[in-house]
Amino acid sequence: MEYMEAKVSGQLAQLVKGEVEVEVLNHLVLYAMPLTSITPLAFVQVNMFECGGLAIALLISHYIVDGIAACTFLNAWTNACRASRINNEVVRPRFDLASFFPPRENIPAVKPKIHGAIIIILKAIACDSALTKRQPSRVVVVTACMWKALIAVAKVRHGHLRASILFHSLGLHGKTALPIPNNSFGNLYMVANARFGGDSENKVELHELVASLDNSIRNTLADCRKQQNGDDLASMMFNSFRKVREEHEKGETDICRFTSWCRFPLYEADFGWGKPIWVSGTPKPVEMVCLNDTKDGDGIEAWVSLDEKDMLLFQNHPEVKAFTSQI
């Protein structure tokens, strides 16, 4: 693990209020991108602004953690920093996840924000159909809204509606039949794959995308709970990735990659100076969408990384403009 301190010319408020380009975040962590073979597995950079504000950048390789494990590490670290002043049990990450899964042989970015009140409207639109059998979650509704815009972008690029698969990462901590401790360190996730038919469809409806995604997530998690050992669960994980790869290799289906950090306890991280006013990722070097909670916990920030030409189309999509505040 490497640790670095840096002085930043400017005010923290400029960053939080969106007065600078989001790519500036890459300067707050030395190894933001691209990652190489010499990049440390874990890296911390403490950035000190002229106003006295701090931005702490944490980079941990996805080879050794998933999002939940990274949160476990972060909160264990902050708890340890406060342990001398508060009566709080220190969380100690466990490194036994591999015992459940024995080894086998073998771009520009924007940050549209969707406020809580808008999410309520999107839910109402999505539920106005017999296809939507349940009240969808915030993440499902916002993901479907972003997916709809990406399908429209692909239509402009190719001249017709194309089949599209939404590849959504799902954390599996506490969602399997295996006795895996919540503080286990490592990668424990798989993907839910929702599909839009393409040319066979006349138009793209939000409620249909919501229903497809919601059903995919629920069915995937239900299947995970049925697996009684690590081998069966691992096979299910690998198959979910394999199906997406095979579709991508055919070249006839667009793959839309999504991941969500919503409801992760990132805003609970407190080193003793108080809780953070803003938690974010950095622009990604691959085309994908990452969802984060807003500070109030009701809204969602969608970090969207796309090809530059596609980004212009995405930003000008009517629903993206109507339902988001782009910072």
# chains A, B, ... in the order shown; residues from 1 in each chain; ligands from 1
>>> residues_around(residues="Val46 of chain A", least_positions_apart="5", cutoff="10 Å", atoms="only C-alpha atoms", output="JSON, numbers by chain")
{"A": [3, 4, 5, 6, 7, 28, 29, 54, 55, 56, 57, 58]}
>>> write_last_selection(atoms="N, CA and C atoms", output="short mmCIF file (atom, residue, chain, number, x, y, z; two decimals), in the first residue's frame")
data_model
loop_
_atom_site.label_atom_id
_atom_site.label_comp_id
_atom_site.auth_asym_id
_atom_site.auth_seq_id
_atom_site.Cartn_x
_atom_site.Cartn_y
_atom_site.Cartn_z
N TYR A 3 1.05 5.61 0.34
CA TYR A 3 0.38 6.77 0.93
C TYR A 3 1.06 8.04 0.43
N MET A 4 0.27 9.05 0.08
CA MET A 4 0.84 10.30 -0.42
C MET A 4 0.00 11.47 0.05
N GLU A 5 0.67 12.60 0.31
CA GLU A 5 -0.03 13.85 0.62
C GLU A 5 0.26 14.86 -0.48
N ALA A 6 -0.74 15.68 -0.83
CA ALA A 6 -0.59 16.66 -1.91
C ALA A 6 -1.30 17.95 -1.54
N LYS A 7 -0.73 19.09 -1.97
CA LYS A 7 -1.36 20.38 -1.80
C LYS A 7 -2.05 20.76 -3.11
N LEU A 28 -6.52 14.05 -8.21
CA LEU A 28 -6.54 13.87 -6.76
C LEU A 28 -6.09 12.47 -6.35
N VAL A 29 -5.79 11.63 -7.31
CA VAL A 29 -5.24 10.31 -7.02
C VAL A 29 -4.21 10.00 -8.10
N LEU A 54 -10.19 18.97 2.97
CA LEU A 54 -9.46 17.75 2.60
C LEU A 54 -10.29 16.90 1.65
N ALA A 55 -9.63 16.30 0.69
CA ALA A 55 -10.23 15.28 -0.17
C ALA A 55 -9.34 14.06 -0.09
N ILE A 56 -9.88 12.96 0.43
CA ILE A 56 -9.10 11.73 0.60
C ILE A 56 -9.46 10.78 -0.53
N ALA A 57 -8.47 10.45 -1.34
CA ALA A 57 -8.66 9.54 -2.47
C ALA A 57 -8.19 8.14 -2.08
N LEU A 58 -9.02 7.16 -2.28
CA LEU A 58 -8.70 5.78 -1.97
C LEU A 58 -8.83 4.95 -3.25
#
>>> residues_around(residues="segment 185-200 of chain A", least_positions_apart="6", cutoff="7 Å", atoms="only C-alpha atoms", output="list in words")
Ile64, Val65, Asp66, Ala69, Pro93, Arg94, Phe95, Leu97, Leu161, Arg162, Ala163, Ser164, Ile165, Leu166, Phe167, His168, Ser169, Leu170, Gly171, Leu172, His173, Ser212, Leu213, Ser216, Ile217, Thr220, Met237 and Ser240 of chain A
>>> atom_distance(atom1="atom CA of Ile300 of chain A", atom2="atom CA of Gly18 of chain A")
15.5 Å
>>> residues_around(residues="Gly174 of chain A", least_positions_apart="6", cutoff="12 Å", atoms="only C-alpha atoms", output="list in words")
Ile68, Ile180, Pro181, Asn182, Asn183, Ser184, Leu188, Tyr189, Leu221, Cys224 and Arg225 of chain A
>>> write_last_selection(atoms="N, CA and C atoms", output="compact mmCIF listing (two decimals), in the first residue's frame")
# COMPACT_ATOMS: atom_id res chain seq x y z
N ILE A 68 -18.42 -3.51 -1.93
CA ILE A 68 -18.77 -3.70 -0.52
C ILE A 68 -17.52 -3.94 0.31
N ILE A 180 -21.06 -16.78 4.47
CA ILE A 180 -19.95 -15.86 4.21
C ILE A 180 -20.10 -14.64 5.13
N PRO A 181 -19.11 -14.34 5.96
CA PRO A 181 -19.21 -13.17 6.85
C PRO A 181 -19.35 -11.88 6.05
N ASN A 182 -20.09 -10.92 6.60
CA ASN A 182 -20.31 -9.65 5.92
C ASN A 182 -19.02 -8.86 5.72
N ASN A 183 -18.02 -9.11 6.58
CA ASN A 183 -16.77 -8.35 6.46
C ASN A 183 -15.68 -9.12 5.71
N SER A 184 -16.10 -10.12 4.91
CA SER A 184 -15.12 -10.85 4.10
C SER A 184 -14.57 -9.95 3.00
N LEU A 188 -17.09 -10.55 -4.48
CA LEU A 188 -18.26 -11.41 -4.37
C LEU A 188 -19.43 -10.70 -5.05
N TYR A 189 -19.48 -10.82 -6.35
CA TYR A 189 -20.56 -10.20 -7.10
C TYR A 189 -20.76 -10.96 -8.40
N LEU A 221 -30.92 -12.98 -8.17
CA LEU A 221 -30.69 -13.13 -6.72
C LEU A 221 -31.38 -14.38 -6.18
N CYS A 224 -29.20 -17.24 -7.00
CA CYS A 224 -28.01 -17.27 -6.14
C CYS A 224 -28.33 -17.92 -4.79
N ARG A 225 -29.52 -17.64 -4.27
CA ARG A 225 -29.88 -18.21 -2.96
C ARG A 225 -30.09 -19.72 -3.02
>>> closest_residue(among="A:Ala70, A:Asp214, A:Ala117, A:Thr282", to="His27 of chain A", atoms="only C-alpha atoms")
A:Thr282
